[in-house]
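Data file: entry_27.cif. Format and content: mmCIF, C-alpha atoms.
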```cif
data_structure
loop_
_atom_site.label_atom_id
_atom_site.label_comp_id
_atom_site.auth_asym_id
_atom_site.auth_seq_id
_atom_site.Cartn_x
_atom_site.Cartn_y
_atom_site.Cartn_z
CA MET M 88 -58.40 -29.77 13.77
CA SER M 89 -60.67 -29.55 10.78
CA ALA M 90 -63.17 -26.72 10.53
CA LEU M 91 -65.22 -28.90 8.20
CA ARG M 92 -67.48 -31.92 8.52
CA PHE M 93 -67.44 -33.90 5.33
CA GLY M 94 -70.36 -35.57 3.62
CA PRO M 95 -72.61 -37.68 5.84
CA ALA M 96 -70.66 -36.60 8.94
CA GLY M 97 -71.98 -33.14 8.25
CA GLY M 98 -75.45 -34.29 7.30
CA LEU M 99 -74.69 -33.84 3.60
CA PRO M 100 -74.16 -36.10 0.61
CA ALA M 101 -70.59 -37.07 -0.24
CA GLY M 102 -68.96 -34.26 -2.20
CA TYR M 103 -70.02 -31.52 0.19
CA ALA M 104 -68.72 -30.25 3.50
CA ARG M 105 -70.36 -28.32 6.29
CA CYS M 106 -68.72 -25.40 8.08
CA GLU M 107 -70.83 -24.72 11.12
CA ALA M 108 -72.28 -21.45 12.33
CA GLY M 109 -69.95 -19.85 14.85
CA THR M 110 -66.80 -21.01 13.08
CA THR M 111 -64.22 -18.27 12.66
CA LEU M 112 -62.43 -17.96 9.35
CA MET M 113 -59.54 -15.64 8.65
CA ARG M 114 -58.91 -13.38 5.74
CA GLY M 115 -55.35 -12.24 5.08
CA HIS M 116 -55.16 -8.96 3.20
CA SER M 117 -53.13 -5.82 2.68
CA PRO M 118 -53.66 -3.30 5.47
CA ASN M 119 -55.16 -0.76 3.08
CA LYS M 120 -57.39 -3.24 1.26
CA ALA M 121 -60.94 -4.22 2.09
CA PRO M 122 -61.02 -7.64 3.80
CA ASP M 123 -64.56 -8.41 2.65
CA TRP M 124 -63.76 -8.15 -1.04
CA PHE M 125 -65.32 -10.73 -3.34
CA GLY M 126 -63.42 -10.35 -6.56
CA PRO M 127 -62.80 -9.87 -9.35
CA ALA M 128 -65.02 -6.91 -10.13
CA VAL M 129 -67.74 -7.52 -12.69
CA GLY M 130 -66.27 -7.24 -16.16
CA ARG M 131 -62.76 -8.15 -15.02
CA VAL M 132 -60.85 -11.36 -15.70
CA GLY M 133 -60.16 -13.79 -12.90
CA VAL M 134 -56.87 -13.53 -11.06
CA HIS M 135 -56.95 -16.23 -8.43
CA ARG M 136 -57.44 -19.99 -8.34
CA PHE M 137 -61.22 -20.20 -8.11
CA ASP M 138 -62.21 -16.88 -9.66
CA VAL M 139 -64.36 -17.29 -12.75
CA PRO M 140 -62.36 -16.65 -15.95
CA LEU M 141 -64.28 -13.48 -16.78
CA ARG M 142 -66.82 -12.26 -14.29
CA THR M 143 -70.23 -11.29 -15.56
CA GLU M 144 -73.26 -10.00 -13.64
CA ASP M 145 -74.35 -13.63 -13.30
CA ASP M 146 -71.13 -14.86 -11.72
CA PRO M 147 -70.35 -14.69 -8.02
CA GLY M 148 -67.27 -12.92 -6.69
CA VAL M 149 -64.89 -14.90 -4.52
CA CYS M 150 -63.36 -14.16 -1.11
CA TYR M 151 -60.53 -16.44 -0.01
CA LEU M 152 -60.41 -17.42 3.65
CA ALA M 153 -58.78 -20.03 5.87
CA PRO M 154 -59.70 -21.46 9.25
CA SER M 155 -56.08 -21.35 10.47
CA LEU M 156 -53.26 -18.86 10.59
CA GLU M 157 -51.06 -21.40 8.83
CA GLY M 158 -53.48 -21.38 5.91
CA VAL M 159 -53.32 -17.60 5.74
CA LEU M 160 -49.53 -17.62 5.89
CA LEU M 161 -49.25 -20.26 3.16
CA GLU M 162 -51.74 -18.69 0.78
CA ARG M 163 -50.94 -15.05 1.32
CA VAL M 164 -47.35 -14.68 2.50
CA ILE M 165 -45.36 -17.74 1.51
CA ARG M 166 -47.05 -18.81 -1.73
CA ASP M 167 -44.61 -20.04 -4.36
CA SER M 168 -41.53 -18.44 -2.92
CA THR M 169 -39.27 -19.74 -0.20
CA ILE M 170 -38.28 -17.15 2.36
CA ASN M 171 -37.01 -18.48 5.66
CA PRO M 172 -36.82 -16.69 8.03
CA LEU M 173 -39.74 -14.30 7.77
CA SER M 174 -39.57 -10.90 9.42
CA HIS M 175 -42.07 -10.01 12.11
CA ALA M 176 -41.69 -6.35 11.13
CA THR M 177 -42.58 -7.13 7.51
CA LEU M 178 -45.53 -9.31 8.50
CA SER M 179 -46.80 -6.54 10.76
CA ARG M 180 -46.39 -3.79 8.19
CA GLU M 181 -47.40 -5.46 4.92
CA HIS M 182 -50.09 -7.90 6.01
CA ALA M 183 -53.30 -7.62 7.97
CA ILE M 184 -55.82 -10.18 9.09
CA THR M 185 -59.52 -9.93 9.73
CA ALA M 186 -61.61 -12.65 11.32
CA ALA M 187 -65.08 -13.44 10.04
CA ARG M 188 -67.57 -15.46 12.09
CA LEU M 189 -70.17 -17.54 10.30
CA THR M 190 -73.68 -16.57 11.35
CA ARG M 191 -75.16 -19.70 9.74
CA ASP M 192 -73.90 -23.07 8.52
CA PHE M 193 -72.10 -22.95 5.20
CA VAL M 194 -72.35 -25.76 2.69
CA LEU M 195 -69.20 -26.03 0.62
CA ILE M 196 -68.22 -28.09 -2.38
CA ASP M 197 -65.63 -30.55 -1.11
CA LEU M 198 -62.44 -30.62 -3.13
CA LEU M 199 -60.48 -32.03 -0.22
CA ALA M 200 -61.88 -35.50 0.41
CA THR M 201 -63.91 -36.25 -2.71
CA PRO M 202 -62.51 -34.22 -5.61
CA TRP M 203 -62.13 -37.28 -7.81
CA THR M 204 -64.84 -39.67 -6.66
CA VAL M 205 -67.63 -37.10 -6.75
CA HIS M 206 -66.49 -34.11 -8.75
CA GLY M 207 -64.24 -35.86 -11.25
CA VAL M 208 -61.12 -33.81 -10.75
CA GLN M 209 -57.84 -35.08 -9.39
CA MET M 210 -55.70 -33.30 -6.83
CA HIS M 211 -53.09 -32.18 -9.34
CA ALA M 212 -55.81 -30.36 -11.23
CA VAL M 213 -57.15 -28.69 -8.08
CA ALA M 214 -53.64 -27.70 -7.02
CA ALA M 215 -52.45 -26.60 -10.48
CA VAL M 216 -49.91 -23.80 -10.63
CA PRO M 217 -50.68 -20.43 -12.23
CA PRO M 218 -51.96 -19.47 -14.72
CA TYR M 219 -55.24 -20.68 -13.29
CA GLY M 220 -57.18 -21.22 -16.51
CA ALA M 221 -58.17 -24.81 -15.70
CA THR M 222 -59.22 -24.19 -12.10
CA GLN M 223 -61.13 -21.07 -13.13
CA GLN M 224 -63.07 -23.08 -15.71
CA LEU M 225 -63.76 -25.63 -13.00
CA ALA M 226 -64.89 -22.82 -10.70
CA ARG M 227 -67.32 -21.58 -13.33
CA GLN M 228 -68.88 -25.07 -13.50
CA LEU M 229 -69.02 -25.37 -9.74
CA THR M 230 -70.76 -22.02 -9.29
CA ARG M 231 -73.72 -23.56 -11.15
CA LEU M 232 -73.82 -26.69 -9.04
CA THR M 233 -76.92 -27.13 -6.92
CA LEU M 234 -77.67 -29.56 -4.15
CA PRO M 235 -81.17 -31.12 -4.29
CA GLN M 236 -83.04 -30.86 -1.01
CA PRO M 237 -85.56 -33.34 0.45
CA ASP M 238 -88.37 -30.86 -0.14
CA GLY M 239 -87.60 -30.76 -3.84
CA THR M 240 -85.87 -27.40 -3.81
CA ALA M 241 -82.25 -26.90 -4.77
CA MET M 242 -79.62 -25.38 -2.55
CA CYS M 243 -76.75 -23.34 -3.96
CA PRO M 244 -73.50 -24.12 -2.09
CA ASP M 245 -71.67 -21.21 -0.50
CA GLY M 246 -68.24 -21.91 -1.93
CA ILE M 247 -65.44 -24.40 -2.31
CA ALA M 248 -63.36 -26.15 0.36
CA TYR M 249 -59.90 -27.08 -0.84
CA GLY M 250 -56.40 -27.77 0.44
CA SER M 251 -53.61 -25.28 0.14
CA ARG M 252 -51.33 -26.00 -2.77
CA PHE M 253 -48.45 -25.38 -0.38
CA GLY M 254 -49.63 -27.79 2.31
CA ALA M 255 -52.66 -29.90 1.55
CA ALA M 256 -53.49 -30.42 5.24
CA HIS M 257 -54.29 -26.74 5.57
CA GLU M 258 -57.90 -26.11 4.66
CA CYS M 259 -58.83 -23.13 2.54
CA ILE M 260 -62.21 -21.79 1.53
CA ALA M 261 -63.14 -19.91 -1.59
CA LEU M 262 -66.40 -18.27 -0.57
CA TRP M 263 -68.91 -16.91 -3.04
CA ASP M 264 -70.61 -13.62 -2.44
CA ARG M 265 -73.97 -15.34 -1.98
CA ALA M 266 -72.62 -16.03 1.54
CA ALA M 267 -71.42 -12.49 2.15
CA THR M 268 -74.30 -11.51 4.41
CA ALA M 269 -73.65 -14.52 6.65
CA LEU M 270 -70.23 -13.31 7.72
CA ALA M 271 -69.77 -11.13 10.80
CA TRP M 272 -66.49 -9.36 10.25
CA GLY M 273 -64.29 -8.55 13.22
CA GLU M 274 -61.64 -5.94 13.73
CA THR M 275 -58.69 -5.79 11.36
CA VAL M 276 -55.31 -6.30 13.02
CA SER M 277 -51.80 -6.59 11.68
CA LEU M 278 -50.63 -10.14 10.98
CA GLY M 279 -47.89 -9.65 13.54
CA ALA M 280 -50.16 -8.37 16.30
CA ASP M 281 -50.49 -11.69 18.11
CA ARG M 282 -46.84 -12.65 18.34
CA ASN M 283 -47.48 -15.89 20.16
CA ALA M 284 -50.02 -17.16 17.64
CA LEU M 285 -47.76 -16.13 14.77
CA ALA M 286 -44.77 -17.86 16.34
CA LEU M 287 -46.75 -21.06 16.89
CA ALA M 288 -47.98 -21.02 13.30
CA THR M 289 -44.58 -20.38 11.72
CA THR M 290 -42.97 -23.01 13.93
CA ARG M 291 -45.58 -25.55 12.86
CA LEU M 292 -44.77 -24.67 9.25
CA GLY M 293 -41.04 -25.06 9.88
CA VAL M 294 -40.35 -21.41 9.17
CA GLY M 295 -38.35 -19.20 11.53
CA LEU M 296 -38.94 -15.62 12.51
CA ARG M 297 -36.74 -12.57 12.93
CA GLU M 298 -37.70 -9.40 14.74
CA MET J 3 -13.26 -22.47 34.90
CA SER J 4 -11.58 -24.32 37.70
CA ALA J 5 -7.91 -24.99 37.18
CA LEU J 6 -8.60 -28.67 37.61
CA LEU J 7 -11.02 -28.77 34.69
CA ASN J 8 -9.40 -26.14 32.54
CA ARG J 9 -6.79 -28.32 30.87
CA PRO J 10 -9.04 -31.28 29.95
CA PHE J 11 -11.69 -28.86 28.74
CA LEU J 12 -9.27 -27.00 26.47
CA ALA J 13 -8.02 -30.32 25.15
CA MET J 14 -11.56 -31.49 24.45
CA VAL J 15 -12.49 -28.40 22.40
CA GLY J 16 -9.15 -28.31 20.66
CA ALA J 17 -8.14 -24.94 22.07
CA ASP J 18 -4.60 -23.71 22.56
CA ALA J 19 -3.66 -24.51 26.18
CA SER J 20 -1.47 -21.44 26.33
CA ALA J 21 -4.25 -19.09 25.26
CA PRO J 22 -5.19 -16.30 27.67
CA ALA J 23 -7.82 -17.18 30.26
CA MET J 24 -11.39 -16.54 29.22
CA SER J 25 -13.57 -13.88 30.75
CA PRO J 26 -16.03 -14.92 33.46
CA ALA J 27 -18.91 -14.17 31.08
CA SER J 28 -17.43 -16.48 28.47
CA GLU J 29 -17.02 -19.22 31.04
CA ILE J 30 -20.61 -18.81 32.20
CA LEU J 31 -21.84 -19.08 28.62
CA ILE J 32 -19.81 -22.22 28.02
CA ALA J 33 -21.09 -23.75 31.24
CA ARG J 34 -24.70 -22.92 30.41
CA PHE J 35 -24.35 -24.18 26.88
CA SER J 36 -22.77 -27.40 28.10
CA ALA J 37 -25.61 -27.90 30.58
CA LEU J 38 -28.15 -27.33 27.81
CA ILE J 39 -26.45 -29.79 25.49
CA TYR J 40 -26.23 -32.36 28.27
CA ALA J 41 -29.92 -31.99 29.03
CA LEU J 42 -30.84 -32.26 25.37
CA VAL J 43 -28.77 -35.30 24.49
CA SER J 44 -30.02 -37.05 27.60
CA ARG J 45 -33.58 -36.87 26.27
CA ALA J 46 -33.20 -36.80 22.50
CA PRO J 47 -33.60 -39.92 20.33
CA GLN J 48 -30.29 -41.44 19.34
CA ALA J 49 -30.94 -40.58 15.69
CA ALA J 50 -31.11 -36.88 16.54
CA VAL J 51 -27.90 -37.09 18.54
CA ILE J 52 -26.13 -38.87 15.68
CA ARG J 53 -27.42 -36.30 13.21
CA ALA J 54 -26.01 -33.48 15.34
CA ALA J 55 -22.72 -35.25 15.98
CA ALA J 56 -22.26 -36.00 12.28
CA SER J 57 -23.11 -32.50 11.07
CA GLY J 58 -20.59 -31.25 8.58
CA SER J 59 -20.57 -27.56 9.42
CA ASN J 60 -21.21 -25.27 12.34
CA ALA J 61 -24.48 -24.10 10.80
CA GLU J 62 -25.65 -27.70 10.38
CA LEU J 63 -24.67 -28.43 13.99
CA VAL J 64 -26.59 -25.42 15.27
CA HIS J 65 -29.55 -26.41 13.11
CA ALA J 66 -29.55 -29.93 14.53
CA LEU J 67 -29.27 -28.59 18.09
CA ALA J 68 -32.06 -26.09 17.48
CA ASP J 69 -34.29 -28.91 16.26
CA MET J 70 -33.51 -30.75 19.49
CA VAL J 71 -34.38 -27.69 21.55
CA VAL J 72 -37.69 -27.35 19.74
CA THR J 73 -38.66 -31.00 19.96
CA GLU J 74 -37.10 -32.09 23.26
CA ALA J 75 -37.36 -29.01 25.40
CA PRO J 76 -40.15 -26.87 23.98
CA ALA J 77 -39.77 -23.31 25.15
CA ASP J 78 -42.67 -21.97 27.17
CA ASP J 79 -42.34 -18.97 24.97
CA ALA J 80 -43.22 -19.81 21.36
CA TRP J 81 -41.82 -16.46 20.29
CA THR J 82 -38.34 -17.34 21.53
CA THR J 83 -38.46 -20.69 19.75
CA ALA J 84 -39.53 -19.04 16.50
CA LEU J 85 -36.75 -16.47 16.76
CA MET J 86 -34.22 -19.19 17.43
CA GLN J 87 -35.41 -21.07 14.35
CA GLY J 88 -35.18 -17.82 12.39
CA SER J 89 -31.58 -17.26 13.38
CA VAL J 90 -30.67 -20.80 12.48
CA ALA J 91 -32.49 -20.59 9.14
CA LEU J 92 -30.71 -17.38 8.25
CA ALA J 93 -27.33 -18.84 9.19
CA SER J 94 -28.04 -21.95 7.12
CA CYS J 95 -29.01 -20.11 3.97
CA LEU J 96 -26.07 -17.73 4.29
CA GLU J 97 -23.71 -20.64 4.69
CA ALA J 98 -25.23 -22.40 1.69
CA ALA J 99 -24.78 -19.23 -0.35
CA GLY J 100 -21.08 -18.90 0.42
CA GLY J 101 -21.10 -16.96 3.69
CA VAL J 102 -20.59 -13.28 4.31
CA TRP J 103 -17.78 -10.77 4.31
CA THR J 104 -17.28 -8.27 7.09
CA ALA J 105 -16.90 -4.67 5.96
CA ASP J 106 -13.12 -4.98 6.22
CA GLU J 107 -13.12 -8.16 4.17
CA ALA J 108 -15.44 -6.63 1.61
CA THR J 109 -13.32 -3.51 1.10
CA THR J 110 -10.23 -5.69 0.67
CA ARG J 111 -11.83 -8.19 -1.72
CA LEU J 112 -13.66 -5.55 -3.72
CA MET J 113 -10.68 -3.18 -3.66
CA VAL J 114 -12.82 -0.21 -2.76
CA LYS J 115 -12.74 2.31 0.04
CA ARG J 116 -15.08 1.91 2.97
CA GLN J 117 -16.86 5.08 1.90
CA THR J 118 -17.59 3.55 -1.52
CA LEU J 119 -18.96 0.44 0.11
CA GLN J 120 -21.22 2.59 2.28
CA GLN J 121 -22.45 4.46 -0.79
CA TRP J 122 -23.20 1.21 -2.56
CA ARG J 123 -25.07 0.02 0.51
CA ASP J 124 -27.06 3.24 0.80
CA LYS J 125 -27.99 3.11 -2.89
CA GLY J 126 -28.98 -0.57 -2.78
CA ARG J 127 -26.14 -1.67 -5.05
CA VAL J 128 -25.08 -4.15 -2.39
CA LEU J 129 -27.09 -6.01 0.22
CA ALA J 130 -25.81 -5.70 3.75
CA LEU J 131 -27.08 -7.43 6.87
CA GLN J 132 -26.82 -5.39 10.03
CA ARG J 133 -25.27 -7.24 12.92
CA HIS J 134 -25.93 -6.83 16.62
CA ASP J 135 -22.96 -4.49 17.07
CA GLY J 136 -24.18 -2.18 14.29
CA SER J 137 -21.62 -3.35 11.75
CA TYR J 138 -22.62 -4.90 8.43
CA ALA J 139 -22.09 -8.29 6.84
CA TYR J 140 -22.11 -8.65 3.06
CA PRO J 141 -23.39 -11.91 1.54
CA VAL J 142 -20.69 -13.17 -0.79
CA ALA J 143 -23.09 -14.60 -3.38
CA GLN J 144 -24.16 -11.14 -4.52
CA PHE J 145 -20.73 -10.46 -6.01
CA GLU J 146 -19.83 -11.53 -9.51
CA PRO J 147 -16.53 -13.41 -9.51
CA PRO J 148 -14.01 -11.59 -11.70
CA ALA J 149 -12.81 -13.10 -14.94
CA THR J 150 -9.18 -12.54 -13.99
CA ASP J 151 -7.16 -12.10 -10.81
CA THR J 152 -6.44 -8.47 -11.65
CA ILE J 153 -10.08 -7.45 -11.48
CA ALA J 154 -12.02 -7.15 -8.24
CA PRO J 155 -15.44 -8.77 -7.79
CA ARG J 156 -18.43 -6.48 -8.27
CA PRO J 157 -22.05 -6.79 -7.21
CA TYR J 158 -24.31 -8.18 -9.91
CA GLU J 159 -26.03 -5.32 -11.70
CA GLY J 160 -29.36 -6.91 -10.93
CA ILE J 161 -28.88 -6.28 -7.21
CA ALA J 162 -29.62 -2.56 -7.58
CA GLN J 163 -32.76 -3.29 -9.61
CA ILE J 164 -33.87 -5.86 -7.07
CA SER J 165 -33.38 -3.36 -4.24
CA GLU J 166 -35.44 -0.80 -6.11
CA ILE J 167 -38.31 -3.23 -6.74
CA VAL J 168 -38.34 -4.46 -3.15
CA GLY J 169 -38.07 -1.07 -1.50
CA SER J 170 -39.13 -1.56 2.10
CA ARG J 171 -41.53 -4.42 1.42
CA LEU J 172 -39.06 -7.04 2.63
CA SER J 173 -36.36 -6.82 5.25
CA THR J 174 -32.82 -7.21 3.95
CA GLU J 175 -32.64 -10.55 5.73
CA GLU J 176 -35.78 -11.74 3.97
CA LEU J 177 -34.45 -10.55 0.64
CA VAL J 178 -31.14 -12.34 1.15
CA ALA J 179 -33.01 -15.49 2.21
CA LEU J 180 -35.13 -15.24 -0.94
CA LEU J 181 -32.08 -14.81 -3.17
CA ALA J 182 -30.03 -17.50 -1.46
CA THR J 183 -32.68 -20.23 -1.51
CA PRO J 184 -33.63 -22.42 -4.49
CA GLN J 185 -36.98 -21.22 -5.83
CA VAL J 186 -39.48 -23.32 -7.76
CA MET J 187 -40.24 -20.37 -10.00
CA LEU J 188 -36.61 -20.36 -11.16
CA ARG J 189 -35.71 -23.69 -12.65
CA ASP J 190 -32.51 -24.49 -14.49
CA THR J 191 -32.33 -26.37 -17.79
CA THR J 192 -32.65 -29.71 -15.98
CA GLY J 193 -35.78 -28.54 -14.20
CA ARG J 194 -34.21 -28.16 -10.79
CA PRO J 195 -35.02 -25.06 -8.72
CA MET J 196 -32.06 -22.71 -8.52
CA THR J 197 -31.30 -19.79 -6.27
CA PRO J 198 -31.81 -16.28 -7.62
CA PHE J 199 -28.13 -15.65 -6.86
CA ALA J 200 -27.27 -18.58 -9.14
CA ALA J 201 -29.65 -17.24 -11.77
CA LEU J 202 -27.96 -13.82 -11.63
CA ALA J 203 -24.63 -15.58 -12.14
CA ILE J 204 -25.79 -17.09 -15.44
CA GLY J 205 -27.33 -13.86 -16.68
CA GLU J 206 -30.98 -14.66 -15.91
CA THR J 207 -31.52 -11.23 -14.40
CA THR J 208 -34.90 -10.70 -16.05
CA ARG J 209 -36.33 -13.88 -14.55
CA VAL J 210 -35.00 -12.95 -11.12
CA LEU J 211 -36.58 -9.50 -11.38
CA GLU J 212 -39.90 -11.12 -12.36
CA LEU J 213 -39.71 -13.40 -9.32
CA VAL J 214 -38.90 -10.54 -6.96
CA ARG J 215 -41.67 -8.38 -8.43
CA TRP J 216 -44.11 -11.25 -7.96
CA VAL J 217 -43.03 -11.81 -4.36
CA VAL J 218 -43.57 -8.19 -3.33
CA THR J 219 -46.88 -7.81 -5.18
CA PRO J 220 -49.64 -8.65 -2.71
CA PRO J 221 -52.18 -11.20 -3.94
CA ASP J 222 -55.02 -8.76 -3.29
CA ALA J 223 -53.55 -5.95 -5.37
CA ASP J 224 -56.77 -6.04 -7.41
CA ALA J 225 -58.99 -5.45 -4.37
CA PRO J 226 -60.33 -1.95 -3.69
CA ASP J 227 -58.78 0.22 -1.02
CA VAL J 228 -60.67 0.35 2.25
CA ALA J 229 -61.55 3.98 1.73
CA THR J 230 -62.95 3.76 -1.81
CA GLY J 231 -66.36 2.54 -0.72
CA ALA J 232 -66.58 -0.02 -3.52
CA THR J 233 -69.18 -2.68 -2.91
CA ALA J 234 -67.64 -5.70 -1.26
CA THR J 235 -69.19 -8.13 -3.67
CA GLY J 236 -67.55 -6.47 -6.64
CA THR J 237 -70.83 -5.60 -8.32
CA ALA J 238 -71.71 -2.24 -9.73
#
```

This entry written out as C-alpha cells:
Amino acid sequence: MSALRFGPAGGLPAGYARCEAGTTLMRGHSPNKAPDWFGPAVGRVGVHRFDVPLRTEDDPGVCYLAPSLEGVLLERVIRDSTINPLSHATLSREHAITAARLTRDFVLIDLLATPWTVHGVQMHAVAAVPPYGATQQLARQLTRLTLPQPDGTAMCPDGIAYGSRFGAAHECIALWDRAATALAWGETVSLGADRNALALATTRLGVGLRE
Amino acid sequence: MSALLNRPFLAMVGADASAPAMSPASEILIARFSALIYALVSRAPQAAVIRAAASGSNAELVHALADMVVTEAPADDAWTTALMQGSVALASCLEAAGGVWTADEATTRLMVKRQTLQQWRDKGRVLALQRHDGSYAYPVAQFEPPATDTIAPRPYEGIAQISEIVGSRLSTEELVALLATPQVMLRDTTGRPMTPFAALAIGETTRVLELVRWVVTPPDADAPDVATGATATGTA
C-alpha cells in the first residue's frame, strides 16, 4: 500500500505527493552510524542519487528513507548486486534500522507518477545508474523548487518521492534537512531483529534467507 | 514400508529391488514427502505441475516444488518459508556454478593432503561451505582448471584477496552466492552480466575485487559515527 497520496488526491497540484503525519518511514543504516544523518557534510561532494553535486551552506542535506522494509532491503542491502540467499546473521550484524514517525504532513516532489509530465524527466533518468551526476544536478534544481500557496506565499517541499531503481513499485523518499525537526525517531534495532517481518519482506522480493 | 507396496514403490523410483531395507526414519520421510507432494499437486495449477515434472535437474525440481509450497500451501511461519527459499536458492546457484566437492573429493582432485586443504580454508585461499554434519563442501567454480592433465586444479589467486576484503561482512554462503551469480556490474564483451567466478576465469580479477569491495562497503560509509556528536543535518 502506498504511503503517498499523489497530486489532487493529496490536496496538491499534480507533480507533488503528500505523506501524512503519523506515517512511519524507515531508515536503514550501519549499526554504528547515525540514522538521522542528512548528508553529505557541507563542503563535500554528493555520494548518493539525490545529493547535491557539491554541498554548500545553501544546500540541504539528504536523508534516504523508505516506507517499507522491502524498500530498505533494496536500497541498502541488495543494491546492484545479486546475492540470494541472504544471511540473517549478516543482516543482523551489519545493518540496523530506525523508524521515524512524521509529526506533520510532508509535501514531496513526485518523481513516481509525474516525473515526465510535470517535471520533464523520464524514468530512465530518475533511475540512472552511478555515477549520479545527472540525478544530482536534477536534485540541485529540485531543491530550489517552490510550491505557490493560495495565500500568495511559497512552500518549499520536504524532499523527493521516487521509486527504487531495483523495484519501481517500492517507494523511496529522499528527505531534505528542512524536514528534520518533523521526524520523531524511534529506537534503533538490528535489521534482523524482527525475523517474521524480514522473512515476509525477503519472500515478497523473491530472495531466500539462511540462518 | 509394507511388503505389499515395497516392490511397486522401488520400481517407481528406479531403486534396486535387492537393496537393503530402509530405516524406519527414511520410510517416514518418504511417506511424509509423498503426502506433501500429493497435497501440492492436487491444488497447484497444471502449469506449475508441468514445470516441476519437466525440470531438468534435482535443484530445478526442488525449486519448482518450493515455489508450489510457497504459493499453494503458505506456511504459517514466514520464517520457515524464507529459510526454505534460501536453501533452494543456494542449491540452485551452486548447481549452476558446477556443484561442490566434498573434502575427500577436493583432496583427490587437487592432489593435496587434507591438512593442506584445511590450511587453505583457514587462510581464505579456498571457500568452504559448512554442512549440517560439520564437514565442508568446496564450490568447484573457485578452482582454475589445469592446462594439462598432469597438473592439479588450484584456487584462483583472487579468492584469497576476496576473502580478505570480505572478512566477516558476508557469510561464506552469501559470498559464494555473490560469486556464482551473474552480476550487472560485471558484463562481458557482449554486454551480458557474468558471474564473478567466470570473470576470475578470464583474468578479470581486478574488476571482481572492485565489485566485492563495493558490495561490502555500506552506502552510509560517509555518515558520522553515532558517538561523534556531529550535527545530523551535516552543517557546521

Please identify every residue of chain J that has at least one atom no more than 9 Å from any atom of chain M, counting all atoms listed in the file, and report them as a PyMOL selection string. chain J and resi 72+79-92+95+170-173+175-181+183-187+213+217+220-229+232-238

If I take atom CA of J:Gly193 and atom CA of J:Arg215, how far is one from the other in Å, to one decimal? 21.8 Å

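Between atom CA of J:Asp124 and atom CA of J:Leu211 the interatomic distance comes to 20.0 Å.
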
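Across the chains present, the PyMOL selection byres ((chain M and resi 100-114) around 6) applied to this file returns M:Leu91, M:Arg92, M:Phe93, M:Gly94, M:Pro95, M:Gly97, M:Leu99, M:Gly115, M:Leu152, M:Ala153, M:Pro154, M:Ile184, M:Thr185, M:Ala186, M:Ala187, M:Arg188, M:Leu189, M:Thr190, M:Arg191, M:Asp192, M:Phe193, M:Val194, M:Leu195, M:Ile196, M:Asp197, M:Thr201, M:Val205.
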
Which residues, protein or nucleic acid, reach to within 7 Å of (-21.3, -9.4, -7.2) in the file's coordinates when using only C-alpha atoms, and can you give that as a short mmCIF file (atom, residue, chain, number, x, y, z; two decimals) with C-alpha atoms, in the frame of the given file?
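See part_31.cif below for the written result:
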```cif
data_model
loop_
_atom_site.label_atom_id
_atom_site.label_comp_id
_atom_site.auth_asym_id
_atom_site.auth_seq_id
_atom_site.Cartn_x
_atom_site.Cartn_y
_atom_site.Cartn_z
CA ALA J 143 -23.09 -14.60 -3.38
CA GLN J 144 -24.16 -11.14 -4.52
CA PHE J 145 -20.73 -10.46 -6.01
CA GLU J 146 -19.83 -11.53 -9.51
CA PRO J 147 -16.53 -13.41 -9.51
CA PRO J 155 -15.44 -8.77 -7.79
CA ARG J 156 -18.43 -6.48 -8.27
CA PRO J 157 -22.05 -6.79 -7.21
CA TYR J 158 -24.31 -8.18 -9.91
#
```

Selected residue, from M:Leu229, M:Gly220, M:Pro244, M:Val139, that lies nearest to M:Gly207 when counting all atoms listed in the file: M:Leu229

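Once the PyMOL selection byres ((chain M and resi 218) around 12) is applied to the depicted file, the selected set reads Gly133, Val134, His135, Arg136, Phe137, Asp138, Pro140, Ala214, Ala215, Val216, Pro217, Tyr219, Gly220, Ala221, Thr222, Gln223 and Gln224 of chain M.
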
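Atom CA of J:Ala49 to atom CA of J:Ala33 spans 24.9 Å [interatomic distance, one decimal].
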
Contact residues around J:Thr104 with only C-alpha atoms at 8 Å, ignoring same-chain residues under 4 positions, as a VMD selection string: chain J and resid 108 138 to 140
